[in-house]
Amino acid sequence: MVLDELAALGRGGQIAGTSRLSGGEIADVWLITYADGTQVIAKTVTGAAPDLFAVEADGLAALRGTGYLATPQVLAVTERLLLLEALAPLGDSEQSWERFARDLAAAHRSTAGDRFGWPRDGYLGRLRQVNTWTTSGHQFFAEHRLLRYLSEPAVEQALTAADRGAIERLCDRLPEVIPAMPAVLTHGDLWAGNLVSQPSGRITVIDPAVSRTWAEVDLSMLWGSPRPPASARFFEIYQELNPSPLGWADRMPILHLREHLSVIAAYGPAAASTINQARDILAPFYHR
């Protein structure tokens with residue numbers, strides 16, 4: 001498939017080799033090497049929505065457009081293929097993570113506004129990410145980042161009526177739990193697997209699910225996912241440069257619930273550990 005798509009773009013000649021890369025949860029990712037030694041990354045997804053790659057390319061452009069975040073250059077986009085600059089990964093270092101903390105803090109700080117959403121819907125994995133504009137961050141997060149998953153068939157199979165009721169009560173009480181904060185441009189899927197350290201010492205971001213929402217949504221993805229030891233000072237430096245309201249660390253699990261629900265929506269009852277994590281977060285919101 002990937003060779004056919006490259007040929008249709010006029011990039012199918014003089015290919016010396018193709019190798020499939022690991023790590024893609026949704027897409028098949030290929031390293032394409034040409035006879036002259038140049039390399040590109042090609043992404044394909046079987047059965048993808050026709051706008052999936054266009055949305056990803058737009059998100060990368062928006063993040064790069066802040067002037068603070070590095071992204072791979074987009075070389076071509078079709079309904080079936082996304083062609084990107086090939087990156088030269090390097091092992092994570094404390095310096096690269098400290099610089100990324102400064103870059104992300106600056107990107108968040110420079111894009112603050114009062115509207116939550118994005119001009120078009122996007123994707124988190126294969127599922128559509130609803131980005132309808134609203135002036136209330138609490139309404140936006142409740143409706144489009146939590147409640148929207150309750151109608152997914154896999155979630156209906158995996159969660160009980162008590163679980164659903166706890167999510168609804170959390171959403172009702174969200175203004176008590178999360179302080180009012182501005183909307184900023186967020187990457188939206190900011191876990192360590194979507195960060196690539198470069199020989200320049202700078203971390204490049206990939207695979208975004210952008211929208212304008214609370215900065216803490218990005219922080220919660222990094223907080224709730226495995227990180228390399230080199231990231232130890234990331235949160236300290238970020239908080240020095242773009243401080244969150246008091247109690248930010250206590251809010252990280254609640255904001256990370258959105259990621260747990262997206263995983264449950266993708267895998268259903270098979271995501272047993274994620275379901276248990278979600279229930280632990282929701283514990284204060286069950287009827288007793």
# chains A, B, ... in the order shown; residues from 1 in each chain; ligands from 1
$ closest_atom_pairs --of "segment 71-181 of chain A" --to "segment 275-282 of chain A" --cutoff "9 Å" --atoms "only C-alpha atoms" --output "tab-separated table"
residue	atom	partner	partner_atom	distance
A:Ala158	CA	A:Ile275	CA	7.7
A:Leu159	CA	A:Ile275	CA	7.8
A:Asp163	CA	A:Arg279	CA	7.1
A:Ala166	CA	A:Leu282	CA	6.2
A:Ile167	CA	A:Leu282	CA	6.9
A:Leu170	CA	A:Leu282	CA	7.6
$ residues_around --residues "Asp92 of chain A" --least-positions-apart "6" --cutoff "8 Å" --atoms "only C-alpha atoms" --output "list in words"
Ser197, Pro228 and Ala230 of chain A
$ residues_around --residues "Pro208 of chain A" --least-positions-apart "2" --cutoff "8 Å" --atoms "only C-alpha atoms" --output "VMD selection string"
chain A and resid 56 59 to 60 187 to 190 194 205 to 206 210
$ select_by_dssp --residues "segment 50-270 of chain A" --states "helix (DSSP H, G or I)" --output "ChimeraX atom specification"
/A:52-65,94-110,137-151,153-158,161-172,174-177,192-194,215-224,229-231,234-241,248-270
$ closest_residue --among "A:Arg11, A:Ala49, A:Leu84, A:Gly165" --to "Trp30 of chain A" --atoms "only C-alpha atoms"
A:Leu84
$ closest_residue --among "A:Glu259, A:Asp250, A:Asp172, A:Glu240" --to "Ser225 of chain A" --atoms "only C-alpha atoms"
A:Glu259
$ residues_around --residues "segment 142-153 of chain A" --least-positions-apart "6" --cutoff "7 Å" --atoms "only C-alpha atoms" --output "list in words"
Val130, Asn131, Cys171, Arg258, Leu261 and Ala265 of chain A
$ residues_around --residues "Ser200 of chain A" --least-positions-apart "6" --cutoff "12 Å" --atoms "only C-alpha atoms" --output "list in words"
Ala70, Leu87, Ala88, Pro89, Leu90, Gly91, Asp92, Ser93, Gln95, Ser96 and Arg99 of chain A
$ residues_around --residues "Leu9 of chain A" --least-positions-apart "5" --cutoff "12 Å" --atoms "only C-alpha atoms" --output "list in words"
Val2, Leu3, Asp4, Ala42, Leu75, Ala76, Val77, Thr78, Glu79, Arg80, Leu81, Leu82 and Leu83 of chain A
$ write_last_selection --atoms "N, CA, C and O atoms" --output "mmCIF file, in the first residue's frame"
data_model
loop_
_atom_site.group_PDB
_atom_site.id
_atom_site.type_symbol
_atom_site.label_atom_id
_atom_site.label_comp_id
_atom_site.auth_asym_id
_atom_site.auth_seq_id
_atom_site.Cartn_x
_atom_site.Cartn_y
_atom_site.Cartn_z
ATOM 1 N N VAL A 2 1.885 1.298 0.850
ATOM 2 C CA VAL A 2 2.688 2.508 0.977
ATOM 3 C C VAL A 2 3.413 2.809 -0.327
ATOM 4 O O VAL A 2 3.525 3.982 -0.726
ATOM 5 N N LEU A 3 3.893 1.790 -1.032
ATOM 6 C CA LEU A 3 4.596 2.027 -2.294
ATOM 7 C C LEU A 3 3.641 2.557 -3.359
ATOM 8 O O LEU A 3 4.019 3.432 -4.160
ATOM 9 N N ASP A 4 2.413 2.041 -3.369
ATOM 10 C CA ASP A 4 1.418 2.539 -4.324
ATOM 11 C C ASP A 4 1.111 4.013 -4.054
ATOM 12 O O ASP A 4 0.983 4.809 -4.986
ATOM 13 N N ALA A 42 6.676 7.759 6.138
ATOM 14 C CA ALA A 42 5.349 7.625 5.530
ATOM 15 C C ALA A 42 4.425 6.947 6.522
ATOM 16 O O ALA A 42 4.780 5.923 7.119
ATOM 17 N N LEU A 75 5.565 16.883 4.269
ATOM 18 C CA LEU A 75 6.000 16.900 2.875
ATOM 19 C C LEU A 75 4.856 16.653 1.903
ATOM 20 O O LEU A 75 4.882 17.148 0.777
ATOM 21 N N ALA A 76 3.859 15.886 2.318
ATOM 22 C CA ALA A 76 2.701 15.608 1.451
ATOM 23 C C ALA A 76 1.592 15.020 2.302
ATOM 24 O O ALA A 76 1.847 14.348 3.307
ATOM 25 N N VAL A 77 0.341 15.280 1.884
ATOM 26 C CA VAL A 77 -0.829 14.760 2.586
ATOM 27 C C VAL A 77 -1.845 14.274 1.561
ATOM 28 O O VAL A 77 -2.171 14.994 0.610
ATOM 29 N N THR A 78 -2.330 13.051 1.742
ATOM 30 C CA THR A 78 -3.470 12.567 0.974
ATOM 31 C C THR A 78 -4.435 11.919 1.964
ATOM 32 O O THR A 78 -4.173 11.860 3.157
ATOM 33 N N GLU A 79 -5.544 11.399 1.448
ATOM 34 C CA GLU A 79 -6.491 10.711 2.323
ATOM 35 C C GLU A 79 -5.921 9.404 2.859
ATOM 36 O O GLU A 79 -6.404 8.884 3.862
ATOM 37 N N ARG A 80 -4.888 8.890 2.200
ATOM 38 C CA ARG A 80 -4.369 7.565 2.560
ATOM 39 C C ARG A 80 -2.935 7.586 3.067
ATOM 40 O O ARG A 80 -2.427 6.551 3.516
ATOM 41 N N LEU A 81 -2.274 8.753 3.008
ATOM 42 C CA LEU A 81 -0.863 8.790 3.367
ATOM 43 C C LEU A 81 -0.471 10.165 3.873
ATOM 44 O O LEU A 81 -0.941 11.198 3.382
ATOM 45 N N LEU A 82 0.404 10.175 4.889
ATOM 46 C CA LEU A 82 1.032 11.399 5.380
ATOM 47 C C LEU A 82 2.532 11.211 5.271
ATOM 48 O O LEU A 82 3.087 10.241 5.791
ATOM 49 N N LEU A 83 3.189 12.125 4.569
ATOM 50 C CA LEU A 83 4.631 12.047 4.345
ATOM 51 C C LEU A 83 5.295 13.144 5.150
ATOM 52 O O LEU A 83 4.950 14.321 5.031
#
$ residues_around --residues "Gln39 of chain A" --least-positions-apart "4" --cutoff "6 Å" --atoms "only C-alpha atoms" --output "PyMOL selection string"
chain A and resi 32-33+86
$ write_last_selection --atoms "C-alpha atoms" --output "compact mmCIF listing (two decimals), in the first residue's frame"
# COMPACT_ATOMS: atom_id res chain seq x y z
CA ILE A 32 11.53 5.21 3.24
CA THR A 33 15.14 5.40 2.01
CA ALA A 86 12.49 11.84 8.83
$ select_by_dssp --residues "segment 34-266 of chain A" --states "strand (DSSP E)" --output "PyMOL selection string"
chain A and resi 34+39-44+74-77+82-85+122-124+127-129+184-186+195-197+203-205+211-213
